[in-house]
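Remarks on the structure that follows.
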Amino acid sequence: MAMNSSVSSTADPVFDPVALAVGGVQGLTPYQPGKPVAALERELGIRQAIKLASNENPLGPSPLAVEAGRAALATAHVYPDGNGFELKARLAQQHGVAPEQITLGNGSNEVLELIARTWLAPGRAAVFSAHAFAVYPLVTQAVDAEARVAPALPAGHATQPYGHDLAAMQARVDQDVRVVFVANPNNPTGTWVDAAALEAFVAAMPATTLVVVDEAYFEYVETADYPDCTQWLARYPNLIVTRTFSKIQGLAGLRLGYAVSSVAVADLLNRVRQPFNVNAVAQAAGLAALDDSAHVEKSVATNRAGLQQVDAALREMGLRVIPSVGNFITFDTGREAGAVYEALLRDGVITRPVENHGLPGHLRVTVSTREDNDRFLQALKKALA
Ligand code: PMP
């Protein structure tokens, strides 16, 4: 019997995956990561390039983490613990919460995405600040929710230029707003909000809105009045605090982050995530890293010295610098930043243009060792000459 070849007489519509995608994804611009060292070396045929583009830890991971991760590879044929029992227990102890209040993620980026998938949808809105971390608009748009962007503090603000304006953010919250994202400190500005202002903001949120405080750079901040929002969880069941192992712990390549929240919130996030979202090497390395407080202290000290070095040098060059409490500095090149970025690349120094964060003319540079900071500063002087 002949098969029906199903050739229709009228022309089939052309397959158009873009038109078929959900509205938000159609217009989505992918996250632009920092250029990898290998890519630059390949493109320019150079060697010994340095990447100061993704706020990674210049000291690398703790040796304890490396050893534990290597050991975990021996049992890589077994699925990881889908509930991350040991790591959650250790994190719970550290934060003084129950393990049921922790949600592990494949980087804190995944946690941010899980939050969006759990509470955002068409007809619902998220609030965040102008110049905020790029993943907030991305995860909001991907689920076709409305992004309400609050204007930031003015460029001329005395201490927090381009920083979060909590009053402006609060003014955009109504019953449609399910999620508010506050990066503290924020990337790429390096600005921060103090404990009193942030707690008043969280307390003022309606019961229909979750507040996400993204503390990716928590360990670097040494400013008085900077809050550890995990300490507020008992008071605010609608508060979610996110942390990462990518920055101070130097484990960005393993992808490990987490949220601390109320048990009810964590339960929902854990329903949405994939069963084995955090791999076994990351779990083992992350657990071991938490035992190496000396590595954390050394990383903080290196960053403290580097922040001072780079901030002072940029100001000496007459450039406008956004004061940062993180492990990166964003500054105004005073000209078209793309050309400066390219000139730095030719000298083997990878930085990050932040025009896509509403900061034209600016570059963000990760604070590194004295030697690498010097190399960046020399290359910048050359580029601006
Ligand atoms: N939040 C902020 C503010 C960040 O800068 C970053 C890293 N760029 C992240 C979250 C995500 O980090 P990860 O997914 O590596 O944990």
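To be explicit about the labels: the chains of the structure tokens are called A, B, and onward in the order shown, and within each one the residues are counted from 1, while ligands get numbers from 1 in the order they are shown.
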
So that I can check the surroundings of Pro353 of chain A, please list as an MDAnalysis selection string every protein, DNA and RNA residue that reaches within 9 Å of it, counting only C-alpha atoms and ignoring chain neighbours fewer than 3 positions away. chainID A and resid 53 337:338 341 356:357 359:365

I'd like the contact shell of segment 65-71 of chain A - 8 Å cut-off, only C-alpha atoms, skipping same-chain residues fewer than 6 positions apart - returned as an mmCIF file with N, CA, C and O atoms, in the first residue's frame.
```
data_model
loop_
_atom_site.group_PDB
_atom_site.id
_atom_site.type_symbol
_atom_site.label_atom_id
_atom_site.label_comp_id
_atom_site.auth_asym_id
_atom_site.auth_seq_id
_atom_site.Cartn_x
_atom_site.Cartn_y
_atom_site.Cartn_z
ATOM 1 N N VAL A 281 30.892 17.402 41.506
ATOM 2 C CA VAL A 281 32.192 18.065 41.706
ATOM 3 C C VAL A 281 31.974 19.421 42.382
ATOM 4 O O VAL A 281 32.684 19.792 43.325
ATOM 5 N N ALA A 282 30.969 20.132 41.924
ATOM 6 C CA ALA A 282 30.659 21.445 42.514
ATOM 7 C C ALA A 282 30.252 21.295 43.979
ATOM 8 O O ALA A 282 30.684 22.075 44.840
ATOM 9 N N ALA A 284 31.082 18.919 46.109
ATOM 10 C CA ALA A 284 32.233 18.532 46.932
ATOM 11 C C ALA A 284 33.199 19.703 47.104
ATOM 12 O O ALA A 284 33.668 19.997 48.217
ATOM 13 N N ALA A 285 33.485 20.372 46.001
ATOM 14 C CA ALA A 285 34.426 21.503 46.055
ATOM 15 C C ALA A 285 33.858 22.644 46.892
ATOM 16 O O ALA A 285 34.569 23.272 47.686
ATOM 17 N N GLY A 286 32.576 22.901 46.722
ATOM 18 C CA GLY A 286 31.936 23.979 47.477
ATOM 19 C C GLY A 286 31.979 23.712 48.970
ATOM 20 O O GLY A 286 32.305 24.599 49.772
ATOM 21 N N LEU A 287 31.690 22.484 49.330
ATOM 22 C CA LEU A 287 31.719 22.103 50.747
ATOM 23 C C LEU A 287 33.116 22.310 51.328
ATOM 24 O O LEU A 287 33.283 22.889 52.401
ATOM 25 N N ALA A 288 34.115 21.850 50.600
ATOM 26 C CA ALA A 288 35.502 21.982 51.090
ATOM 27 C C ALA A 288 35.926 23.448 51.164
ATOM 28 O O ALA A 288 36.641 23.854 52.091
ATOM 29 N N ALA A 289 35.474 24.240 50.207
ATOM 30 C CA ALA A 289 35.847 25.661 50.178
ATOM 31 C C ALA A 289 35.396 26.366 51.454
ATOM 32 O O ALA A 289 36.069 27.270 51.953
#
```

Measuring atom to atom with only C-alpha atoms and all ligand atoms, identify which of A:Gly348, A:Pro151, A:Gly326, A:Gly123 is nearest to ligand 1. A:Gly326

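Going from atom CA of Asn106 of chain A to atom CA of Arg124 of chain A covers 25.4 Å.
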
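Compared by their closest atoms to Pro99 of chain A, and using only C-alpha atoms, the residues A:Val25, A:Ala147, A:Val179, A:Leu87 rank with A:Leu87 nearest.
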
Could you list, as a list in words, all the residues within 7 Å of ligand 1, counting only C-alpha atoms and all ligand atoms? Ser54, Asn55, Asn106, Gly107, Ser108, Asn109, Glu110, Phe133, Ala183, Asn186, Asn187, Asp214, Glu215, Ala216, Arg243, Thr244, Phe245, Ser246, Ala252, Arg255, Leu256 and Gly257 of chain A

Selection near Leu138 of chain A, 12 Å with only C-alpha atoms, sequence-local residues under 4 positions removed, as a PDB file with all heavy atoms, in the first residue's frame:
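And here is the file that came out, result.pdb:
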```pdb
ATOM      1  N   GLY A  24       8.294  36.924  24.841  1.00  0.00           N
ATOM      2  CA  GLY A  24       9.489  37.449  25.503  1.00  0.00           C
ATOM      3  C   GLY A  24      10.770  36.967  24.860  1.00  0.00           C
ATOM      4  O   GLY A  24      11.726  37.728  24.691  1.00  0.00           O
ATOM      5  N   VAL A  25      10.802  35.713  24.462  1.00  0.00           N
ATOM      6  CA  VAL A  25      12.021  35.133  23.904  1.00  0.00           C
ATOM      7  C   VAL A  25      12.313  35.708  22.515  1.00  0.00           C
ATOM      8  O   VAL A  25      13.472  35.868  22.133  1.00  0.00           O
ATOM      9  CB  VAL A  25      11.919  33.585  23.864  1.00  0.00           C
ATOM     10  CG1 VAL A  25      13.121  32.965  23.156  1.00  0.00           C
ATOM     11  CG2 VAL A  25      11.798  33.030  25.279  1.00  0.00           C
ATOM     12  N   GLN A  26      11.255  36.067  21.785  1.00  0.00           N
ATOM     13  CA  GLN A  26      11.460  36.614  20.440  1.00  0.00           C
ATOM     14  C   GLN A  26      12.404  37.805  20.441  1.00  0.00           C
ATOM     15  O   GLN A  26      13.222  37.961  19.558  1.00  0.00           O
ATOM     16  CB  GLN A  26      10.120  37.047  19.840  1.00  0.00           C
ATOM     17  CG  GLN A  26       9.223  35.888  19.478  1.00  0.00           C
ATOM     18  CD  GLN A  26       7.897  36.356  18.886  1.00  0.00           C
ATOM     19  OE1 GLN A  26       7.687  37.532  18.645  1.00  0.00           O
ATOM     20  NE2 GLN A  26       7.003  35.406  18.663  1.00  0.00           N
ATOM     21  N   GLY A  27      12.266  38.649  21.448  1.00  0.00           N
ATOM     22  CA  GLY A  27      13.064  39.879  21.461  1.00  0.00           C
ATOM     23  C   GLY A  27      14.237  39.821  22.420  1.00  0.00           C
ATOM     24  O   GLY A  27      14.844  40.840  22.734  1.00  0.00           O
ATOM     25  N   LEU A  28      14.563  38.626  22.882  1.00  0.00           N
ATOM     26  CA  LEU A  28      15.595  38.482  23.912  1.00  0.00           C
ATOM     27  C   LEU A  28      16.995  38.653  23.346  1.00  0.00           C
ATOM     28  O   LEU A  28      17.328  38.079  22.316  1.00  0.00           O
ATOM     29  CB  LEU A  28      15.462  37.080  24.526  1.00  0.00           C
ATOM     30  CG  LEU A  28      15.891  36.866  25.961  1.00  0.00           C
ATOM     31  CD1 LEU A  28      15.119  37.796  26.893  1.00  0.00           C
ATOM     32  CD2 LEU A  28      15.632  35.425  26.358  1.00  0.00           C
ATOM     33  N   THR A  29      17.810  39.465  24.014  1.00  0.00           N
ATOM     34  CA  THR A  29      19.225  39.581  23.655  1.00  0.00           C
ATOM     35  C   THR A  29      19.996  38.691  24.619  1.00  0.00           C
ATOM     36  O   THR A  29      19.856  38.837  25.831  1.00  0.00           O
ATOM     37  CB  THR A  29      19.718  41.038  23.830  1.00  0.00           C
ATOM     38  OG1 THR A  29      18.759  41.911  23.234  1.00  0.00           O
ATOM     39  CG2 THR A  29      21.074  41.241  23.200  1.00  0.00           C
ATOM     40  N   PRO A  30      20.811  37.778  24.110  1.00  0.00           N
ATOM     41  CA  PRO A  30      21.509  36.878  25.028  1.00  0.00           C
ATOM     42  C   PRO A  30      22.481  37.619  25.951  1.00  0.00           C
ATOM     43  O   PRO A  30      23.000  38.680  25.579  1.00  0.00           O
ATOM     44  CB  PRO A  30      22.274  35.917  24.108  1.00  0.00           C
ATOM     45  CG  PRO A  30      21.981  36.308  22.721  1.00  0.00           C
ATOM     46  CD  PRO A  30      21.132  37.537  22.709  1.00  0.00           C
ATOM     47  N   TYR A  31      22.701  37.070  27.109  1.00  0.00           N
ATOM     48  CA  TYR A  31      23.687  37.594  28.060  1.00  0.00           C
ATOM     49  C   TYR A  31      25.051  37.590  27.383  1.00  0.00           C
ATOM     50  O   TYR A  31      25.423  36.621  26.722  1.00  0.00           O
ATOM     51  CB  TYR A  31      23.708  36.685  29.292  1.00  0.00           C
ATOM     52  CG  TYR A  31      24.680  37.107  30.369  1.00  0.00           C
ATOM     53  CD1 TYR A  31      24.331  38.086  31.294  1.00  0.00           C
ATOM     54  CD2 TYR A  31      25.938  36.520  30.465  1.00  0.00           C
ATOM     55  CE1 TYR A  31      25.213  38.469  32.286  1.00  0.00           C
ATOM     56  CE2 TYR A  31      26.834  36.903  31.450  1.00  0.00           C
ATOM     57  CZ  TYR A  31      26.466  37.882  32.364  1.00  0.00           C
ATOM     58  OH  TYR A  31      27.346  38.253  33.343  1.00  0.00           O
ATOM     59  N   GLN A  32      25.775  38.704  27.511  1.00  0.00           N
ATOM     60  CA  GLN A  32      27.090  38.768  26.883  1.00  0.00           C
ATOM     61  C   GLN A  32      28.164  38.534  27.929  1.00  0.00           C
ATOM     62  O   GLN A  32      28.435  39.418  28.737  1.00  0.00           O
ATOM     63  CB  GLN A  32      27.293  40.142  26.236  1.00  0.00           C
ATOM     64  CG  GLN A  32      26.427  40.333  25.012  1.00  0.00           C
ATOM     65  CD  GLN A  32      26.476  41.757  24.482  1.00  0.00           C
ATOM     66  OE1 GLN A  32      27.206  42.599  24.987  1.00  0.00           O
ATOM     67  NE2 GLN A  32      25.695  42.012  23.463  1.00  0.00           N
ATOM     68  N   ASN A 109      22.883  32.425  39.124  1.00  0.00           N
ATOM     69  CA  ASN A 109      22.068  32.743  37.942  1.00  0.00           C
ATOM     70  C   ASN A 109      20.890  31.794  37.818  1.00  0.00           C
ATOM     71  O   ASN A 109      19.783  32.204  37.478  1.00  0.00           O
ATOM     72  CB  ASN A 109      22.910  32.593  36.664  1.00  0.00           C
ATOM     73  CG  ASN A 109      23.595  33.883  36.293  1.00  0.00           C
ATOM     74  OD1 ASN A 109      23.255  34.944  36.793  1.00  0.00           O
ATOM     75  ND2 ASN A 109      24.563  33.791  35.420  1.00  0.00           N
ATOM     76  N   GLU A 110      21.134  30.514  38.069  1.00  0.00           N
ATOM     77  CA  GLU A 110      20.029  29.565  37.931  1.00  0.00           C
ATOM     78  C   GLU A 110      18.956  29.852  38.976  1.00  0.00           C
ATOM     79  O   GLU A 110      17.762  29.751  38.694  1.00  0.00           O
ATOM     80  CB  GLU A 110      20.496  28.103  38.048  1.00  0.00           C
ATOM     81  CG  GLU A 110      19.351  27.174  37.652  1.00  0.00           C
ATOM     82  CD  GLU A 110      19.492  25.724  38.070  1.00  0.00           C
ATOM     83  OE1 GLU A 110      20.360  25.398  38.904  1.00  0.00           O
ATOM     84  OE2 GLU A 110      18.701  24.909  37.570  1.00  0.00           O
ATOM     85  N   LEU A 112      18.197  32.716  40.193  1.00  0.00           N
ATOM     86  CA  LEU A 112      17.434  33.883  39.731  1.00  0.00           C
ATOM     87  C   LEU A 112      16.409  33.464  38.675  1.00  0.00           C
ATOM     88  O   LEU A 112      15.272  33.930  38.659  1.00  0.00           O
ATOM     89  CB  LEU A 112      18.387  34.943  39.158  1.00  0.00           C
ATOM     90  CG  LEU A 112      19.406  35.522  40.151  1.00  0.00           C
ATOM     91  CD1 LEU A 112      20.435  36.384  39.418  1.00  0.00           C
ATOM     92  CD2 LEU A 112      18.713  36.329  41.241  1.00  0.00           C
ATOM     93  N   GLU A 113      16.815  32.544  37.824  1.00  0.00           N
ATOM     94  CA  GLU A 113      15.907  32.048  36.794  1.00  0.00           C
ATOM     95  C   GLU A 113      14.763  31.236  37.409  1.00  0.00           C
ATOM     96  O   GLU A 113      13.606  31.345  36.980  1.00  0.00           O
ATOM     97  CB  GLU A 113      16.699  31.200  35.786  1.00  0.00           C
ATOM     98  CG  GLU A 113      15.900  30.870  34.566  1.00  0.00           C
ATOM     99  CD  GLU A 113      16.623  29.930  33.626  1.00  0.00           C
ATOM    100  OE1 GLU A 113      17.658  29.340  34.011  1.00  0.00           O
ATOM    101  OE2 GLU A 113      16.144  29.770  32.500  1.00  0.00           O
ATOM    102  N   ALA A 116      12.199  33.562  38.713  1.00  0.00           N
ATOM    103  CA  ALA A 116      11.362  34.114  37.642  1.00  0.00           C
ATOM    104  C   ALA A 116      10.336  33.078  37.173  1.00  0.00           C
ATOM    105  O   ALA A 116       9.158  33.394  36.982  1.00  0.00           O
ATOM    106  CB  ALA A 116      12.236  34.566  36.473  1.00  0.00           C
ATOM    107  N   ARG A 117      10.783  31.844  37.014  1.00  0.00           N
ATOM    108  CA  ARG A 117       9.864  30.809  36.508  1.00  0.00           C
ATOM    109  C   ARG A 117       8.786  30.462  37.531  1.00  0.00           C
ATOM    110  O   ARG A 117       7.719  29.975  37.175  1.00  0.00           O
ATOM    111  CB  ARG A 117      10.650  29.571  36.111  1.00  0.00           C
ATOM    112  CG  ARG A 117      11.359  29.776  34.768  1.00  0.00           C
ATOM    113  CD  ARG A 117      12.323  28.651  34.463  1.00  0.00           C
ATOM    114  NE  ARG A 117      11.703  27.344  34.577  1.00  0.00           N
ATOM    115  CZ  ARG A 117      12.362  26.233  34.875  1.00  0.00           C
ATOM    116  NH1 ARG A 117      13.658  26.276  35.097  1.00  0.00           N
ATOM    117  NH2 ARG A 117      11.748  25.089  34.941  1.00  0.00           N
ATOM    118  N   ALA A 126       8.197  42.479  37.346  1.00  0.00           N
ATOM    119  CA  ALA A 126       9.370  42.515  38.226  1.00  0.00           C
ATOM    120  C   ALA A 126       9.892  43.946  38.250  1.00  0.00           C
ATOM    121  O   ALA A 126       9.829  44.644  37.238  1.00  0.00           O
ATOM    122  CB  ALA A 126      10.454  41.580  37.711  1.00  0.00           C
ATOM    123  N   PHE A 128      13.257  46.317  39.095  1.00  0.00           N
ATOM    124  CA  PHE A 128      14.687  46.403  39.404  1.00  0.00           C
ATOM    125  C   PHE A 128      15.179  47.769  38.952  1.00  0.00           C
ATOM    126  O   PHE A 128      14.439  48.537  38.322  1.00  0.00           O
ATOM    127  CB  PHE A 128      15.497  45.264  38.767  1.00  0.00           C
ATOM    128  CG  PHE A 128      15.161  44.988  37.330  1.00  0.00           C
ATOM    129  CD1 PHE A 128      15.768  45.703  36.308  1.00  0.00           C
ATOM    130  CD2 PHE A 128      14.229  44.003  36.996  1.00  0.00           C
ATOM    131  CE1 PHE A 128      15.452  45.446  34.984  1.00  0.00           C
ATOM    132  CE2 PHE A 128      13.909  43.747  35.658  1.00  0.00           C
ATOM    133  CZ  PHE A 128      14.526  44.472  34.655  1.00  0.00           C
ATOM    134  N   ALA A 132      21.206  47.743  36.721  1.00  0.00           N
ATOM    135  CA  ALA A 132      21.282  46.567  37.598  1.00  0.00           C
ATOM    136  C   ALA A 132      21.875  45.382  36.845  1.00  0.00           C
ATOM    137  O   ALA A 132      22.082  45.429  35.626  1.00  0.00           O
ATOM    138  CB  ALA A 132      19.904  46.212  38.134  1.00  0.00           C
ATOM    139  N   PHE A 133      22.133  44.312  37.571  1.00  0.00           N
ATOM    140  CA  PHE A 133      22.708  43.099  36.996  1.00  0.00           C
ATOM    141  C   PHE A 133      21.867  42.619  35.808  1.00  0.00           C
ATOM    142  O   PHE A 133      20.641  42.540  35.888  1.00  0.00           O
ATOM    143  CB  PHE A 133      22.796  42.028  38.079  1.00  0.00           C
ATOM    144  CG  PHE A 133      23.387  40.729  37.617  1.00  0.00           C
ATOM    145  CD1 PHE A 133      24.544  40.698  36.835  1.00  0.00           C
ATOM    146  CD2 PHE A 133      22.803  39.524  37.981  1.00  0.00           C
ATOM    147  CE1 PHE A 133      25.087  39.495  36.412  1.00  0.00           C
ATOM    148  CE2 PHE A 133      23.348  38.316  37.569  1.00  0.00           C
ATOM    149  CZ  PHE A 133      24.487  38.305  36.785  1.00  0.00           C
ATOM    150  N   ALA A 134      22.555  42.280  34.713  1.00  0.00           N
ATOM    151  CA  ALA A 134      21.905  42.017  33.423  1.00  0.00           C
ATOM    152  C   ALA A 134      20.960  40.815  33.427  1.00  0.00           C
ATOM    153  O   ALA A 134      20.090  40.712  32.554  1.00  0.00           O
ATOM    154  CB  ALA A 134      22.981  41.809  32.359  1.00  0.00           C
ATOM    155  N   ALA A 142      12.267  36.513  29.578  1.00  0.00           N
ATOM    156  CA  ALA A 142      12.169  35.133  29.077  1.00  0.00           C
ATOM    157  C   ALA A 142      10.830  34.496  29.431  1.00  0.00           C
ATOM    158  O   ALA A 142      10.366  33.599  28.739  1.00  0.00           O
ATOM    159  CB  ALA A 142      13.324  34.295  29.605  1.00  0.00           C
ATOM    160  N   VAL A 143      10.224  34.934  30.527  1.00  0.00           N
ATOM    161  CA  VAL A 143       8.921  34.365  30.910  1.00  0.00           C
ATOM    162  C   VAL A 143       7.790  35.331  30.575  1.00  0.00           C
ATOM    163  O   VAL A 143       6.670  35.199  31.059  1.00  0.00           O
ATOM    164  CB  VAL A 143       8.884  33.976  32.407  1.00  0.00           C
ATOM    165  CG1 VAL A 143       9.866  32.852  32.688  1.00  0.00           C
ATOM    166  CG2 VAL A 143       9.158  35.180  33.302  1.00  0.00           C
ATOM    167  N   ASP A 144       8.120  36.328  29.725  1.00  0.00           N
ATOM    168  CA  ASP A 144       7.101  37.234  29.205  1.00  0.00           C
ATOM    169  C   ASP A 144       6.435  38.090  30.278  1.00  0.00           C
ATOM    170  O   ASP A 144       5.281  38.506  30.127  1.00  0.00           O
ATOM    171  CB  ASP A 144       6.014  36.429  28.477  1.00  0.00           C
ATOM    172  CG  ASP A 144       5.870  36.891  27.042  1.00  0.00           C
ATOM    173  OD1 ASP A 144       6.273  38.036  26.765  1.00  0.00           O
ATOM    174  OD2 ASP A 144       5.370  36.105  26.217  1.00  0.00           O
ATOM    175  N   ALA A 145       7.167  38.350  31.350  1.00  0.00           N
ATOM    176  CA  ALA A 145       6.640  39.244  32.387  1.00  0.00           C
ATOM    177  C   ALA A 145       7.087  40.667  32.086  1.00  0.00           C
ATOM    178  O   ALA A 145       7.994  40.894  31.286  1.00  0.00           O
ATOM    179  CB  ALA A 145       7.122  38.806  33.760  1.00  0.00           C
ATOM    180  N   GLU A 146       6.453  41.617  32.751  1.00  0.00           N
ATOM    181  CA  GLU A 146       6.793  43.025  32.529  1.00  0.00           C
ATOM    182  C   GLU A 146       7.980  43.422  33.397  1.00  0.00           C
ATOM    183  O   GLU A 146       8.027  43.088  34.583  1.00  0.00           O
ATOM    184  CB  GLU A 146       5.575  43.891  32.908  1.00  0.00           C
ATOM    185  CG  GLU A 146       5.808  45.382  32.795  1.00  0.00           C
ATOM    186  CD  GLU A 146       4.777  46.216  33.579  1.00  0.00           C
ATOM    187  OE1 GLU A 146       3.767  45.640  34.032  1.00  0.00           O
ATOM    188  OE2 GLU A 146       5.007  47.425  33.743  1.00  0.00           O
ATOM    189  N   ALA A 147       8.937  44.118  32.803  1.00  0.00           N
ATOM    190  CA  ALA A 147      10.083  44.637  33.566  1.00  0.00           C
ATOM    191  C   ALA A 147       9.832  46.105  33.874  1.00  0.00           C
ATOM    192  O   ALA A 147       9.668  46.910  32.961  1.00  0.00           O
ATOM    193  CB  ALA A 147      11.358  44.475  32.759  1.00  0.00           C
TER     194      ALA A 147
END
```

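The residue that comes closest to Lys88 of chain A, out of A:Thr140, A:Thr208, A:Thr302, A:Thr103 and on the basis of only C-alpha atoms, is A:Thr103.
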
Test item, strand (DSSP E or B) assignment across segment 52-211 of chain A, answer as number ranges by chain: A: 102-105, 125-129, 146-150, 177-183, 210-211

Shell of 12 Å around Ala234 of chain A, only C-alpha atoms, local chain residues under 2 positions omitted, as an MDAnalysis selection string: chainID A and resid 95:98 101 229:232 236:240 260:263

Writing out the chosen residues with N, CA and C atoms as a compact mmCIF listing (two decimals), in the first residue's frame:
```txt
# COMPACT_ATOMS: atom_id res chain seq x y z
N HIS A 95 24.54 29.98 58.13
CA HIS A 95 23.59 31.10 58.13
C HIS A 95 22.61 31.06 59.30
N GLY A 96 22.70 30.00 60.12
CA GLY A 96 21.78 29.90 61.25
C GLY A 96 20.33 29.68 60.81
N VAL A 97 20.17 28.89 59.73
CA VAL A 97 18.82 28.57 59.24
C VAL A 97 18.69 27.05 59.13
N ALA A 98 17.52 26.58 58.76
CA ALA A 98 17.30 25.14 58.55
C ALA A 98 17.72 24.77 57.12
N GLN A 101 15.64 25.63 54.18
CA GLN A 101 15.55 27.02 53.71
C GLN A 101 16.53 27.32 52.58
N CYS A 229 21.65 40.09 54.81
CA CYS A 229 20.19 39.97 54.80
C CYS A 229 19.70 38.57 55.18
N THR A 230 20.60 37.59 55.21
CA THR A 230 20.14 36.26 55.66
C THR A 230 19.68 36.34 57.12
N GLN A 231 20.17 37.35 57.82
CA GLN A 231 19.78 37.50 59.23
C GLN A 231 18.35 38.02 59.39
N TRP A 232 17.75 38.45 58.31
CA TRP A 232 16.40 39.04 58.38
C TRP A 232 15.30 38.04 58.02
N TYR A 236 10.97 38.27 57.63
CA TYR A 236 10.33 38.56 56.33
C TYR A 236 10.21 37.28 55.49
N PRO A 237 9.05 36.63 55.54
CA PRO A 237 8.89 35.37 54.79
C PRO A 237 8.93 35.58 53.28
N ASN A 238 8.81 36.82 52.81
CA ASN A 238 8.85 37.08 51.36
C ASN A 238 10.24 37.52 50.90
N LEU A 239 11.26 37.32 51.75
CA LEU A 239 12.63 37.71 51.41
C LEU A 239 13.42 36.50 50.90
N ILE A 240 14.17 36.69 49.82
CA ILE A 240 15.07 35.66 49.30
C ILE A 240 16.45 36.29 49.19
N VAL A 260 18.78 31.55 50.12
CA VAL A 260 18.31 31.29 51.48
C VAL A 260 16.98 32.02 51.58
N SER A 261 15.97 31.35 52.08
CA SER A 261 14.62 31.92 52.09
C SER A 261 13.80 31.25 53.18
N SER A 262 12.52 31.56 53.21
CA SER A 262 11.61 30.80 54.08
C SER A 262 11.49 29.38 53.51
N VAL A 263 11.05 28.45 54.34
CA VAL A 263 10.89 27.06 53.90
C VAL A 263 9.88 26.97 52.76
```

So which bits of segment 249-360 of chain A end up alpha helix (DSSP H) when you DSSP the backbone, as a PyMOL selection string? chain A and resi 263-272+280-289+293-316+337-346

Have a look at A:Ala301, A:Ala266, A:Leu380, A:Leu210 and name the one nearest to Ser368 of chain A; count only C-alpha atoms. A:Ala301

Which neighbours of Asn373 of chain A fall inside 8 Å, counting only C-alpha atoms, when residues of the same chain fewer than 6 positions from it are skipped, and could you give them as an NGL selection string? :A and (306 or 309-310 or 367)
